[in-house]
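Okay, run-v2.tsv is below, TSV, C-alpha atoms:
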chain	number	residue	atom	x	y	z
A	1	MET	CA	56.02	-18.91	17.93
A	2	LEU	CA	53.55	-21.48	19.24
A	3	LEU	CA	50.51	-19.45	18.19
A	4	PHE	CA	51.57	-19.32	14.53
A	5	GLU	CA	52.36	-23.03	14.54
A	6	SER	CA	48.89	-23.80	15.87
A	7	LEU	CA	47.21	-21.31	13.56
A	8	GLU	CA	48.97	-22.62	10.44
A	9	LYS	CA	47.48	-26.04	11.09
A	10	LYS	CA	44.02	-24.60	11.66
A	11	ASP	CA	43.87	-21.67	9.21
A	12	PRO	CA	47.02	-21.27	7.09
A	13	VAL	CA	45.49	-18.34	5.15
A	14	LEU	CA	44.93	-16.33	8.32
A	15	ALA	CA	48.40	-17.26	9.61
A	16	PHE	CA	50.02	-16.05	6.39
A	17	GLN	CA	48.12	-12.77	6.33
A	18	LEU	CA	48.98	-12.08	9.96
A	19	ARG	CA	52.66	-12.61	9.22
A	20	CYS	CA	52.34	-9.97	6.50
A	21	THR	CA	50.52	-7.54	8.81
A	22	HIS	CA	52.73	-5.31	10.92
A	23	GLN	CA	50.38	-2.51	12.01
A	24	LYS	CA	48.41	-2.85	15.23
A	25	LYS	CA	45.21	-1.27	16.49
A	26	GLU	CA	44.16	-0.81	20.07
A	27	VAL	CA	41.68	-3.43	21.28
A	28	LEU	CA	39.33	-2.64	24.15
A	29	PHE	CA	38.07	-5.95	25.46
A	30	LEU	CA	34.40	-6.30	26.30
A	31	ASP	CA	33.10	-8.05	29.38
A	32	PRO	CA	32.64	-11.77	28.73
A	33	VAL	CA	29.15	-13.05	28.05
A	34	LYS	CA	27.85	-16.57	28.48
A	35	SER	CA	25.25	-18.53	26.56
A	36	ASP	CA	23.77	-22.01	26.82
A	37	LYS	CA	23.62	-22.31	23.01
A	38	GLU	CA	25.96	-24.65	21.15
A	39	LEU	CA	27.11	-22.22	18.49
A	40	LEU	CA	27.86	-18.59	19.26
A	41	ILE	CA	28.96	-15.93	16.80
A	42	PHE	CA	30.80	-12.85	18.08
A	43	ASP	CA	31.51	-9.71	16.11
A	44	GLY	CA	35.03	-8.58	16.86
A	45	ILE	CA	38.11	-9.71	18.71
A	46	GLU	CA	36.92	-7.50	21.58
A	47	TRP	CA	34.82	-10.48	22.73
A	48	LEU	CA	37.91	-12.69	23.17
A	49	TYR	CA	37.46	-13.09	26.92
A	50	SER	CA	34.09	-14.80	26.29
A	51	HIS	CA	35.85	-17.90	25.00
A	52	GLU	CA	36.67	-19.20	28.45
A	53	ALA	CA	33.13	-18.50	29.64
A	54	ASN	CA	31.69	-20.67	26.85
A	55	ARG	CA	34.27	-23.43	26.70
A	56	GLY	CA	33.00	-26.73	25.37
A	57	ARG	CA	30.63	-25.17	22.84
A	58	SER	CA	31.17	-24.36	19.19
A	59	ILE	CA	32.05	-20.70	18.98
A	60	ILE	CA	33.09	-18.39	16.14
A	61	PHE	CA	34.77	-15.00	16.55
A	62	ILE	CA	34.46	-12.86	13.42
A	63	GLU	CA	37.07	-10.16	12.87
A	64	GLU	CA	37.76	-8.45	9.55
A	65	ASP	CA	40.47	-6.16	10.87
A	66	LEU	CA	43.77	-8.05	10.82
A	67	GLU	CA	45.47	-5.21	12.67
A	68	LYS	CA	43.28	-5.91	15.69
A	69	ILE	CA	44.16	-9.59	15.65
A	70	ARG	CA	47.81	-8.65	15.28
A	71	ALA	CA	47.53	-6.52	18.42
A	72	VAL	CA	46.52	-9.48	20.60
A	73	LEU	CA	48.93	-12.13	19.30
A	74	ASP	CA	50.72	-12.22	22.64
A	75	ASP	CA	47.53	-12.64	24.65
A	76	PRO	CA	47.41	-16.23	26.02
A	77	ARG	CA	43.65	-16.22	25.52
A	78	LEU	CA	44.13	-16.05	21.74
A	79	LEU	CA	46.43	-19.08	21.82
A	80	ASP	CA	43.86	-20.87	23.96
A	81	LEU	CA	41.19	-20.08	21.36
A	82	VAL	CA	43.34	-21.20	18.43
A	83	GLN	CA	44.14	-24.51	20.12
A	84	ASP	CA	40.48	-25.22	20.89
A	85	GLU	CA	39.00	-27.45	18.15
A	86	GLN	CA	35.51	-26.15	18.88
A	87	ALA	CA	36.50	-22.49	18.60
A	88	ALA	CA	37.69	-20.38	15.69
A	89	ILE	CA	38.51	-16.85	14.67
A	90	VAL	CA	37.69	-16.01	11.07
A	91	HIS	CA	38.38	-13.02	8.85
A	92	ARG	CA	36.67	-14.11	5.63
A	93	GLY	CA	33.34	-15.68	4.70
A	94	VAL	CA	34.28	-19.32	5.27
A	95	PHE	CA	32.86	-21.46	8.06
A	96	PRO	CA	35.66	-23.08	10.08
A	97	PHE	CA	33.79	-26.27	11.02
A	98	PRO	CA	30.44	-28.03	10.43
A	99	ILE	CA	27.48	-26.43	12.19
A	100	GLY	CA	24.72	-28.82	11.18
A	101	GLY	CA	22.08	-29.37	13.87
A	102	LYS	CA	23.54	-26.85	16.32
A	103	VAL	CA	21.62	-24.12	18.10
A	104	PHE	CA	23.24	-20.72	17.93
A	105	GLU	CA	23.23	-17.23	19.39
A	106	THR	CA	24.99	-14.06	18.26
A	107	PHE	CA	26.70	-11.24	20.08
A	108	GLY	CA	27.85	-8.08	18.36
A	109	HIS	CA	28.36	-4.40	18.95
A	110	SER	CA	29.08	-3.01	15.48
A	111	TYR	CA	27.61	-5.65	13.12
A	112	SER	CA	30.28	-5.61	10.45
A	113	LYS	CA	29.52	-6.68	6.89
A	114	LEU	CA	31.30	-9.97	7.44
A	115	PHE	CA	29.33	-10.56	10.62
A	116	MET	CA	26.05	-9.99	8.80
A	117	LYS	CA	27.18	-12.29	6.00
A	118	PHE	CA	27.70	-15.04	8.57
A	119	VAL	CA	24.29	-14.31	10.07
A	120	GLN	CA	22.66	-14.67	6.67
A	121	GLU	CA	24.54	-17.90	5.99
A	122	VAL	CA	23.51	-19.34	9.34
A	123	ILE	CA	19.88	-18.49	8.61
A	124	CYS	CA	20.23	-20.26	5.27
A	125	PHE	CA	21.56	-23.19	7.25
A	126	ASP	CA	18.30	-23.49	9.20
A	127	ALA	CA	16.39	-24.36	6.05
A	128	LEU	CA	19.23	-26.10	4.26
A	129	TYR	CA	20.10	-28.40	7.12
A	130	ALA	CA	16.51	-29.59	7.52
A	131	GLU	CA	16.14	-30.04	3.77
A	132	GLY	CA	19.56	-31.65	3.53
A	133	LEU	CA	18.59	-34.41	5.92
A	134	ASP	CA	16.41	-35.88	3.18
A	135	ARG	CA	18.80	-34.70	0.43
A	136	GLY	CA	16.51	-31.82	-0.50
A	137	LEU	CA	13.55	-33.96	-1.56
A	138	SER	CA	11.02	-31.99	0.50
A	139	HIS	CA	12.18	-28.85	-1.31
A	140	PHE	CA	12.54	-30.09	-4.86
A	141	LYS	CA	9.41	-32.22	-4.86
A	142	ASN	CA	7.41	-29.04	-4.35
A	143	VAL	CA	9.50	-27.17	-6.95
A	144	PHE	CA	8.88	-29.81	-9.63
A	145	ASP	CA	5.24	-30.38	-8.60
A	146	SER	CA	4.43	-26.67	-8.85
A	147	LEU	CA	6.20	-26.12	-12.15
A	148	LEU	CA	4.43	-29.14	-13.66
A	149	THR	CA	0.91	-28.48	-12.36
A	150	LEU	CA	0.25	-24.82	-11.52
A	151	PRO	CA	-1.34	-23.18	-14.58
A	152	LYS	CA	-0.57	-19.47	-14.29
A	153	VAL	CA	1.17	-17.23	-11.79
A	154	PHE	CA	1.63	-13.50	-11.43
A	155	LEU	CA	5.17	-12.18	-11.48
A	156	LEU	CA	6.24	-10.01	-8.57
A	157	SER	CA	8.25	-7.80	-10.94
A	158	THR	CA	5.10	-6.86	-12.90
A	159	LEU	CA	2.91	-5.83	-9.97
A	160	LYS	CA	1.73	-2.23	-10.02
A	161	GLY	CA	-0.08	-0.36	-7.30
A	162	ASP	CA	0.28	2.36	-4.69
A	163	PHE	CA	2.54	0.15	-2.60
A	164	CYS	CA	4.75	2.92	-1.21
A	165	ARG	CA	2.46	3.17	1.80
A	166	PRO	CA	2.43	1.74	5.35
A	167	TRP	CA	2.47	-2.05	5.48
A	168	LEU	CA	1.24	-4.17	8.37
A	169	ILE	CA	2.47	-7.75	8.65
A	170	VAL	CA	0.29	-9.98	10.81
A	171	GLY	CA	1.57	-13.15	12.45
A	172	GLY	CA	-0.29	-16.19	13.72
A	173	ALA	CA	-0.17	-15.40	17.45
A	174	GLU	CA	-3.43	-14.64	19.23
A	175	LEU	CA	-4.36	-10.96	19.14
A	176	SER	CA	-5.67	-8.98	22.08
A	177	ASP	CA	-8.91	-7.00	21.66
A	178	GLU	CA	-6.83	-3.83	21.27
A	179	GLU	CA	-4.62	-5.42	18.62
A	180	ASN	CA	-7.63	-6.82	16.79
A	181	LEU	CA	-9.18	-3.35	16.69
A	182	PHE	CA	-5.95	-1.91	15.32
A	183	VAL	CA	-5.87	-4.44	12.47
A	184	GLN	CA	-9.50	-3.66	11.63
A	185	GLN	CA	-8.71	0.06	11.47
A	186	ALA	CA	-5.54	-0.58	9.48
A	187	GLN	CA	-7.55	-2.08	6.64
A	188	HIS	CA	-8.10	1.49	5.45
A	189	THR	CA	-4.60	2.84	6.01
A	190	HIS	CA	-2.15	-0.05	5.48
A	191	TRP	CA	-1.44	-2.81	3.03
A	192	ILE	CA	-2.12	-5.81	5.25
A	193	CYS	CA	-0.05	-8.93	4.61
A	194	SER	CA	-0.81	-12.05	6.64
A	195	SER	CA	2.11	-14.31	7.43
A	196	GLY	CA	1.56	-18.04	6.97
A	197	SER	CA	-1.18	-19.40	9.22
A	198	ALA	CA	-2.33	-15.89	10.21
A	199	THR	CA	-4.61	-15.80	7.15
A	200	LYS	CA	-7.00	-18.35	8.64
A	201	LYS	CA	-7.24	-16.46	11.93
A	202	LEU	CA	-7.80	-13.09	10.27
A	203	LEU	CA	-10.58	-14.43	8.05
A	204	ARG	CA	-12.28	-15.96	11.09
A	205	ARG	CA	-12.23	-12.51	12.71
A	206	GLY	CA	-13.88	-11.04	9.63
A	207	ILE	CA	-10.69	-9.29	8.48
A	208	ARG	CA	-9.59	-9.78	4.89
A	209	PRO	CA	-5.85	-9.19	4.36
A	210	ASP	CA	-4.71	-7.71	1.07
A	211	PHE	CA	-2.01	-10.34	0.61
A	212	ALA	CA	-0.77	-13.52	2.24
A	213	THR	CA	2.62	-15.23	2.22
A	214	PHE	CA	3.31	-18.95	2.03
A	215	VAL	CA	6.67	-20.71	1.90
A	216	ASP	CA	6.28	-23.77	4.16
A	217	PRO	CA	7.33	-27.00	2.39
A	218	ASP	CA	5.51	-29.24	4.86
A	219	PRO	CA	2.85	-27.26	6.75
A	220	ASN	CA	0.31	-28.43	9.27
A	221	LEU	CA	-2.71	-27.91	7.04
A	222	GLU	CA	-5.02	-27.63	10.07
A	223	ASN	CA	-3.55	-24.14	10.52
A	224	TYR	CA	-4.53	-23.11	7.00
A	225	VAL	CA	-7.79	-22.60	5.19
A	226	GLN	CA	-8.83	-22.54	1.54
A	227	ASN	CA	-9.18	-18.89	0.53
A	228	ASP	CA	-9.01	-16.45	-2.36
A	229	ILE	CA	-6.44	-14.04	-0.88
A	230	PRO	CA	-3.66	-13.05	-3.33
A	231	THR	CA	-0.71	-15.09	-2.07
A	232	PHE	CA	3.01	-14.47	-2.44
A	233	PHE	CA	4.75	-17.83	-2.61
A	234	GLN	CA	8.07	-19.42	-3.35
A	235	LEU	CA	8.37	-22.77	-5.05
A	236	ARG	CA	9.44	-24.63	-1.93
A	237	GLY	CA	5.94	-24.02	-0.54
A	238	LYS	CA	3.70	-27.11	-0.41
A	239	THR	CA	2.18	-27.52	-3.87
A	240	ASP	CA	-0.90	-29.36	-2.58
A	241	TYR	CA	-1.86	-26.30	-0.53
A	242	LEU	CA	-1.11	-23.82	-3.33
A	243	LYS	CA	-3.47	-25.75	-5.61
A	244	ARG	CA	-6.25	-25.35	-3.03
A	245	LEU	CA	-6.03	-21.56	-3.14
A	246	LYS	CA	-8.64	-19.80	-5.27
A	247	GLY	CA	-6.98	-16.38	-5.39
A	248	PRO	CA	-4.07	-15.10	-7.47
A	249	LEU	CA	-0.74	-16.81	-6.89
A	250	ILE	CA	2.15	-14.36	-7.02
A	251	TRP	CA	5.56	-15.93	-7.54
A	252	ALA	CA	7.93	-14.13	-5.18
A	253	GLY	CA	11.11	-15.25	-6.88
A	254	GLU	CA	13.65	-17.71	-5.54
A	255	ASN	CA	16.14	-17.11	-2.79
A	256	GLY	CA	19.32	-18.16	-4.56
A	257	LEU	CA	20.04	-21.20	-2.40
A	258	TYR	CA	19.91	-23.76	-5.21
A	259	PRO	CA	21.29	-23.06	-8.70
A	260	LEU	CA	19.14	-25.91	-10.04
A	261	GLU	CA	15.98	-24.13	-8.88
A	262	LYS	CA	17.04	-21.01	-10.76
A	263	SER	CA	17.51	-23.10	-13.92
A	264	LEU	CA	14.10	-24.72	-13.50
A	265	CYS	CA	12.46	-21.30	-13.14
A	266	GLU	CA	14.03	-20.16	-16.39
A	267	ILE	CA	12.92	-23.34	-18.16
A	268	ALA	CA	9.35	-22.82	-16.95
A	269	GLY	CA	9.31	-19.25	-18.30
A	270	LEU	CA	9.65	-17.30	-15.06
A	271	ASP	CA	11.73	-14.15	-15.04
A	272	GLU	CA	14.92	-13.79	-13.06
A	273	GLN	CA	13.85	-12.70	-9.61
A	274	ILE	CA	15.96	-13.41	-6.55
A	275	LEU	CA	14.68	-12.39	-3.13
A	276	GLU	CA	17.39	-13.35	-0.70
A	277	GLY	CA	15.98	-13.97	2.71
A	278	GLY	CA	12.40	-15.01	3.11
A	279	TYR	CA	13.25	-18.13	5.07
A	280	ASP	CA	9.95	-18.01	6.92
A	281	SER	CA	6.59	-16.43	6.14
A	282	PHE	CA	7.26	-13.32	8.23
A	283	ASN	CA	10.66	-12.83	6.68
A	284	ILE	CA	9.36	-13.10	3.11
A	285	ALA	CA	6.62	-10.58	3.95
A	286	VAL	CA	9.25	-8.11	5.20
A	287	VAL	CA	11.40	-8.62	2.12
A	288	ILE	CA	8.40	-8.08	-0.18
A	289	ALA	CA	7.30	-4.92	1.66
A	290	THR	CA	10.87	-3.65	1.36
A	291	TYR	CA	10.89	-4.54	-2.35
A	292	PHE	CA	7.83	-2.31	-2.80
A	293	LYS	CA	9.55	0.52	-0.88
A	294	ALA	CA	6.98	0.53	1.89
A	295	GLN	CA	6.66	3.84	3.74
A	296	THR	CA	6.75	2.00	7.07
A	297	ILE	CA	6.56	-1.66	8.06
A	298	GLU	CA	4.72	-2.61	11.20
A	299	SER	CA	4.22	-6.05	12.70
A	300	ILE	CA	1.60	-7.53	14.95
A	301	GLY	CA	0.70	-11.03	16.08
A	302	PHE	CA	4.23	-12.15	16.89
A	303	SER	CA	5.32	-13.24	20.35
A	304	SER	CA	7.10	-10.56	22.34
A	305	GLY	CA	10.09	-12.83	22.85
A	306	ARG	CA	10.62	-13.35	19.15
A	307	LYS	CA	14.28	-12.49	18.65
A	308	THR	CA	15.23	-14.99	16.00
A	309	MET	CA	17.97	-14.76	13.41
A	310	ASN	CA	15.26	-14.32	10.81
A	311	ASP	CA	14.28	-11.12	12.59
A	312	LEU	CA	17.85	-9.90	12.39
A	313	LEU	CA	17.94	-10.75	8.69
A	314	SER	CA	14.72	-8.79	8.22
A	315	ARG	CA	16.42	-5.77	9.70
A	316	VAL	CA	19.36	-6.23	7.35
A	317	HIS	CA	17.01	-6.08	4.39
A	318	LEU	CA	15.13	-3.11	5.81
A	319	LYS	CA	18.38	-1.10	5.94
A	320	ASN	CA	16.84	2.30	6.64
A	321	TYR	CA	14.12	1.31	9.10
A	322	ASP	CA	13.25	-1.52	11.43
A	323	VAL	CA	10.17	-3.65	11.64
A	324	ILE	CA	8.34	-1.79	14.37
A	325	PRO	CA	5.58	-2.96	16.69
A	326	HIS	CA	2.17	-1.54	15.87
A	327	ARG	CA	1.59	1.99	17.11
A	328	LEU	CA	-2.00	2.86	17.95
A	329	SER	CA	-1.17	6.55	17.80
A	330	PHE	CA	0.06	6.25	14.21
A	331	ASP	CA	-2.51	7.89	11.93
A	332	PRO	CA	-1.59	7.49	8.24
A	333	LYS	CA	-3.87	8.57	5.42
A	334	ARG	CA	-6.48	6.31	3.88
A	335	ILE	CA	-5.21	4.54	0.79
A	336	VAL	CA	-6.77	3.08	-2.34
A	337	LYS	CA	-5.90	-0.59	-2.66
A	338	ASN	CA	-5.90	-1.45	-6.32
A	339	TRP	CA	-3.19	-3.49	-7.95
A	340	SER	CA	-2.51	-5.22	-11.25
A	341	GLY	CA	0.13	-7.47	-12.72
A	342	LYS	CA	1.11	-9.79	-15.53
A	343	GLN	CA	0.29	-13.47	-15.45
A	344	VAL	CA	2.57	-16.06	-17.01
A	345	ALA	CA	1.54	-19.54	-18.08
A	346	LEU	CA	4.10	-22.04	-16.85
A	347	ASP	CA	5.69	-24.03	-19.64
A	348	HIS	CA	4.83	-27.51	-18.43
A	349	GLY	CA	6.13	-29.07	-21.61
A	350	ALA	CA	9.60	-27.60	-21.21
A	351	VAL	CA	9.77	-28.70	-17.56
A	352	LEU	CA	8.55	-32.17	-18.52
A	353	ALA	CA	11.23	-32.43	-21.22
A	354	PHE	CA	13.89	-31.45	-18.68
A	355	CYS	CA	12.63	-34.13	-16.30
A	356	GLN	CA	12.93	-36.72	-19.05
A	357	LYS	CA	16.52	-35.63	-19.67
A	358	ILE	CA	17.28	-36.13	-15.98
A	359	VAL	CA	16.01	-39.70	-15.89
A	360	GLY	CA	17.65	-40.40	-19.25
A	361	ALA	CA	21.11	-39.23	-18.21
A	362	GLU	CA	23.71	-41.96	-18.40
A	363	ASP	CA	26.79	-40.55	-16.72
A	364	GLN	CA	28.26	-37.65	-14.76
A	365	ILE	CA	28.87	-35.69	-17.94
A	366	ASP	CA	25.17	-35.77	-18.77
A	367	TYR	CA	24.31	-34.64	-15.24
A	368	GLU	CA	26.82	-31.83	-15.47
A	369	ARG	CA	25.33	-30.62	-18.75
A	370	LEU	CA	21.96	-30.47	-17.05
A	371	GLY	CA	23.38	-28.36	-14.22
A	372	LEU	CA	22.87	-30.98	-11.54
A	373	ILE	CA	26.50	-31.27	-10.54
A	374	ASP	CA	27.37	-28.34	-8.26
A	375	GLY	CA	23.81	-27.14	-8.62
A	376	TYR	CA	21.58	-29.57	-6.79
A	377	LEU	CA	22.73	-29.58	-3.15
A	378	LYS	CA	26.12	-27.92	-3.34
A	379	LYS	CA	25.52	-25.44	-0.56
A	380	ILE	CA	24.42	-27.95	2.05
A	381	HIS	CA	27.55	-30.11	1.93
A	382	PHE	CA	29.03	-28.12	4.74
A	383	PHE	CA	25.96	-28.14	6.88
A	384	VAL	CA	25.19	-31.84	6.67
A	385	GLY	CA	28.84	-32.84	6.83
A	386	LYS	CA	28.84	-34.60	3.47
A	387	GLU	CA	30.91	-33.71	0.44
A	388	ASP	CA	29.32	-36.11	-2.03
A	389	VAL	CA	25.99	-35.54	-3.75
A	390	ASP	CA	23.96	-38.65	-4.33
A	391	LEU	CA	21.98	-37.72	-7.42
A	392	SER	CA	20.07	-41.00	-7.34
A	393	VAL	CA	17.58	-39.61	-4.79
A	394	LEU	CA	16.74	-36.71	-7.10
A	395	VAL	CA	16.55	-38.94	-10.18
A	396	ASN	CA	14.26	-41.40	-8.39
A	397	MET	CA	12.00	-38.57	-7.30
A	398	VAL	CA	11.78	-37.21	-10.85
A	399	GLU	CA	11.00	-40.71	-12.19
A	400	LYS	CA	8.08	-40.98	-9.76
A	401	LEU	CA	6.86	-37.51	-10.75
A	402	LEU	CA	6.87	-38.52	-14.42
A	403	VAL	CA	4.82	-41.63	-13.65
A	404	GLN	CA	2.33	-39.58	-11.61
A	405	HIS	CA	2.12	-36.97	-14.35
A	406	LYS	CA	1.42	-39.66	-16.95
A	407	GLN	CA	-1.28	-41.25	-14.81
A	408	PHE	CA	-2.88	-37.85	-14.23
A	409	LYS	CA	-2.94	-37.16	-17.98
A	410	GLU	CA	-4.49	-40.56	-18.71
A	411	LYS	CA	-7.27	-39.96	-16.18
A	412	LYS	CA	-8.11	-36.62	-17.81
Output the file's structure as structure tokens, nothing else.
Amino acid sequence: MLLFESLEKKDPVLAFQLRCTHQKKEVLFLDPVKSDKELLIFDGIEWLYSHEANRGRSIIFIEEDLEKIRAVLDDPRLLDLVQDEQAAIVHRGVFPFPIGGKVFETFGHSYSKLFMKFVQEVICFDALYAEGLDRGLSHFKNVFDSLLTLPKVFLLSTLKGDFCRPWLIVGGAELSDEENLFVQQAQHTHWICSSGSATKKLLRRGIRPDFATFVDPDPNLENYVQNDIPTFFQLRGKTDYLKRLKGPLIWAGENGLYPLEKSLCEIAGLDEQILEGGYDSFNIAVVIATYFKAQTIESIGFSSGRKTMNDLLSRVHLKNYDVIPHRLSFDPKRIVKNWSGKQVALDHGAVLAFCQKIVGAEDQIDYERLGLIDGYLKKIHFFVGKEDVDLSVLVNMVEKLLVQHKQFKEKK
């Protein structure tokens, strides 16, 4: 059968499993949809007819149910899809071809677990691909800088307060007079968390948010202002800006993308805290509000056309409720906004000793013992289309950091 011959070359695992599958399920095809994006992700074989409408673009059809695929083996459209190098049908969490630098759009009607896993991986790709272009230096320079220079940080896991209340997340878009009034009123009824550059705009309007979020590794500092707002941050955030902040810094864990970062956190004395998601400032705010079991989560100050993959990921993390636009008719009770937490002094000496081991390593075995092999940039191989990891860029960066650290100590 020509289809199996083609499929065995492209995905031998899927071909084998289909040969072992004899049951079939009825498939009701959906009307084809068309997109101008390069990469499209469809949930279900029901979208099969959309392949022809989007020919010439990278496209992935995600289908967990082998019995559905089995039911359409005789459909010429499936053979056409299998023979197209830019198209694929997948049934497990493995990308079929490189997606680095491609713009994508998703279509789904049931949002299966596998579909959502792909969505999350593609969102990871956004950050990983950009960071991978410079071999992760923009990310890890901030990680090392922060762990070597920030004195103390609060731990998210130790924070206590009446957080199971309404939360309002404010974005950096311009607010109307009505929206501005709502935020002013919400100061008494919501925990207000400003997202990224929104902090500067809120302070200029005379509104003091309860918390801020910051995760940008290379921000436009003109959009930010020195302030004393308690700030949730992740280590990829620009260290130079974090050091300008006068308020409490609250470490919001790491997102599990780099095993090396997890090891560095442990060396510095931070607890194990993984917050998957949080790939932009809005997303991390949603994840944090969810972590605190917020009663509701409202958003304001985001463009009406914002329908990014990060938004979809936010809804995955919310599980039982969506991020909802602000509702002027919503009248929650006034809340008392007191919170406390435990501060941890970062172990600069331990991080410094680890840096010295990195630059002193002599061979691959030494690097492997330090967790650099399969821990530094393993997950971005696929996205940047490279299978090798050039550790020299990381080692050179650490060498420069050690020189800067020494010069800083001598000046003091």
field: Given only C-alpha atoms as the counted atoms, nearest of A:Gly301, A:Val215, A:Cys265, A:Asp240 to Ala198 in chain A
entry: A:Gly301
- prompt: Which residues come within 12 Å of range 73-87 of chain A, counting all atoms listed in the file, excluding same-chain residues fewer than 3 positions away, as a PyMOL selection string?
  reply: chain A and resi 1-12+14-15+18-19+21-22+24-25+27+29+38-42+45-62+66-70+90+95-99
field: Nearest residue to Val398 in chain A from the set A:Arg204, A:Lys152, A:Lys357, A:Arg334 (distances using all atoms listed in the file)
entry: A:Lys357
message: Can you tell me which residues surround range 338-350 of chain A at a distance of at most 7 Å, considering all atoms listed in the file, apart from same-chain residues fewer than 6 positions away, and format the answer as number ranges by chain?
response: A: 147-148, 151-155, 158-161, 267-269
task: Measure the distance from CA of Gln184 in chain A to CA of Lys243 in chain A in Å and round it to one decimal.
output: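 Computed distance, CA of Gln184 in chain A to CA of Lys243 in chain A, equals 28.7 Å.
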- prompt: Suppose you want the space between CA of Cys164 in chain A and CA of Gln295 in chain A; what is it in Å?
  reply: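 Separation between CA of Cys164 in chain A and CA of Gln295 in chain A: 5.4 Å.
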message: Taking (6.7, -14.1, 5.9) in the coordinates of the supplied file, I want to know which residues reach to within 10 Å of it, counting all atoms listed in the file; could you give the answer as a PyMOL selection string?
response: chain A and resi 169-171+193-196+212-216+232-233+277-288+310+314
Residue selection dump (C-alpha atoms) as a short mmCIF file (atom, residue, chain, number, x, y, z; two decimals), keeping the file's coordinate frame:
data_model
loop_
_atom_site.label_atom_id
_atom_site.label_comp_id
_atom_site.auth_asym_id
_atom_site.auth_seq_id
_atom_site.Cartn_x
_atom_site.Cartn_y
_atom_site.Cartn_z
CA ILE A 169 2.47 -7.75 8.65
CA VAL A 170 0.29 -9.98 10.81
CA GLY A 171 1.57 -13.15 12.45
CA CYS A 193 -0.05 -8.93 4.61
CA SER A 194 -0.81 -12.05 6.64
CA SER A 195 2.11 -14.31 7.43
CA GLY A 196 1.56 -18.04 6.97
CA ALA A 212 -0.77 -13.52 2.24
CA THR A 213 2.62 -15.23 2.22
CA PHE A 214 3.31 -18.95 2.03
CA VAL A 215 6.67 -20.71 1.90
CA ASP A 216 6.28 -23.77 4.16
CA PHE A 232 3.01 -14.47 -2.44
CA PHE A 233 4.75 -17.83 -2.61
CA GLY A 277 15.98 -13.97 2.71
CA GLY A 278 12.40 -15.01 3.11
CA TYR A 279 13.25 -18.13 5.07
CA ASP A 280 9.95 -18.01 6.92
CA SER A 281 6.59 -16.43 6.14
CA PHE A 282 7.26 -13.32 8.23
CA ASN A 283 10.66 -12.83 6.68
CA ILE A 284 9.36 -13.10 3.11
CA ALA A 285 6.62 -10.58 3.95
CA VAL A 286 9.25 -8.11 5.20
CA VAL A 287 11.40 -8.62 2.12
CA ILE A 288 8.40 -8.08 -0.18
CA ASN A 310 15.26 -14.32 10.81
CA SER A 314 14.72 -8.79 8.22
#
task: Just the residues within 12 Å of Lys400 in chain A, please, counting all atoms listed in the file, with nothing from its chain fewer than 6 positions along; format it as an NGL selection string.
output: :A and (141 or 144-145 or 355-356 or 359 or 393-394 or 406-407)
field: Separation of CA of Arg205 in chain A from CA of Thr189 in chain A in Å
entry: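 Between these atoms lies a distance of 18.4 Å.
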statement: Of A:Cys20, A:Leu402, A:Val143, A:Ile274, the one nearest to Ser157 in chain A when counting all atoms listed in the file is A:Ile274
field: Among listed residues A:Ile335, A:Val122, A:Gly371, A:Ser299, nearest Leu168 in chain A (using only C-alpha atoms)
entry: A:Ser299
As JSON: centre and edge lengths in Å, one decimal, of the axis-aligned box holding range 50-53 of chain A with 8 Å per side:
{"center_x": 34.9, "center_y": -17.0, "center_z": 27.3, "size_x": 19.5, "size_y": 20.4, "size_z": 20.6}
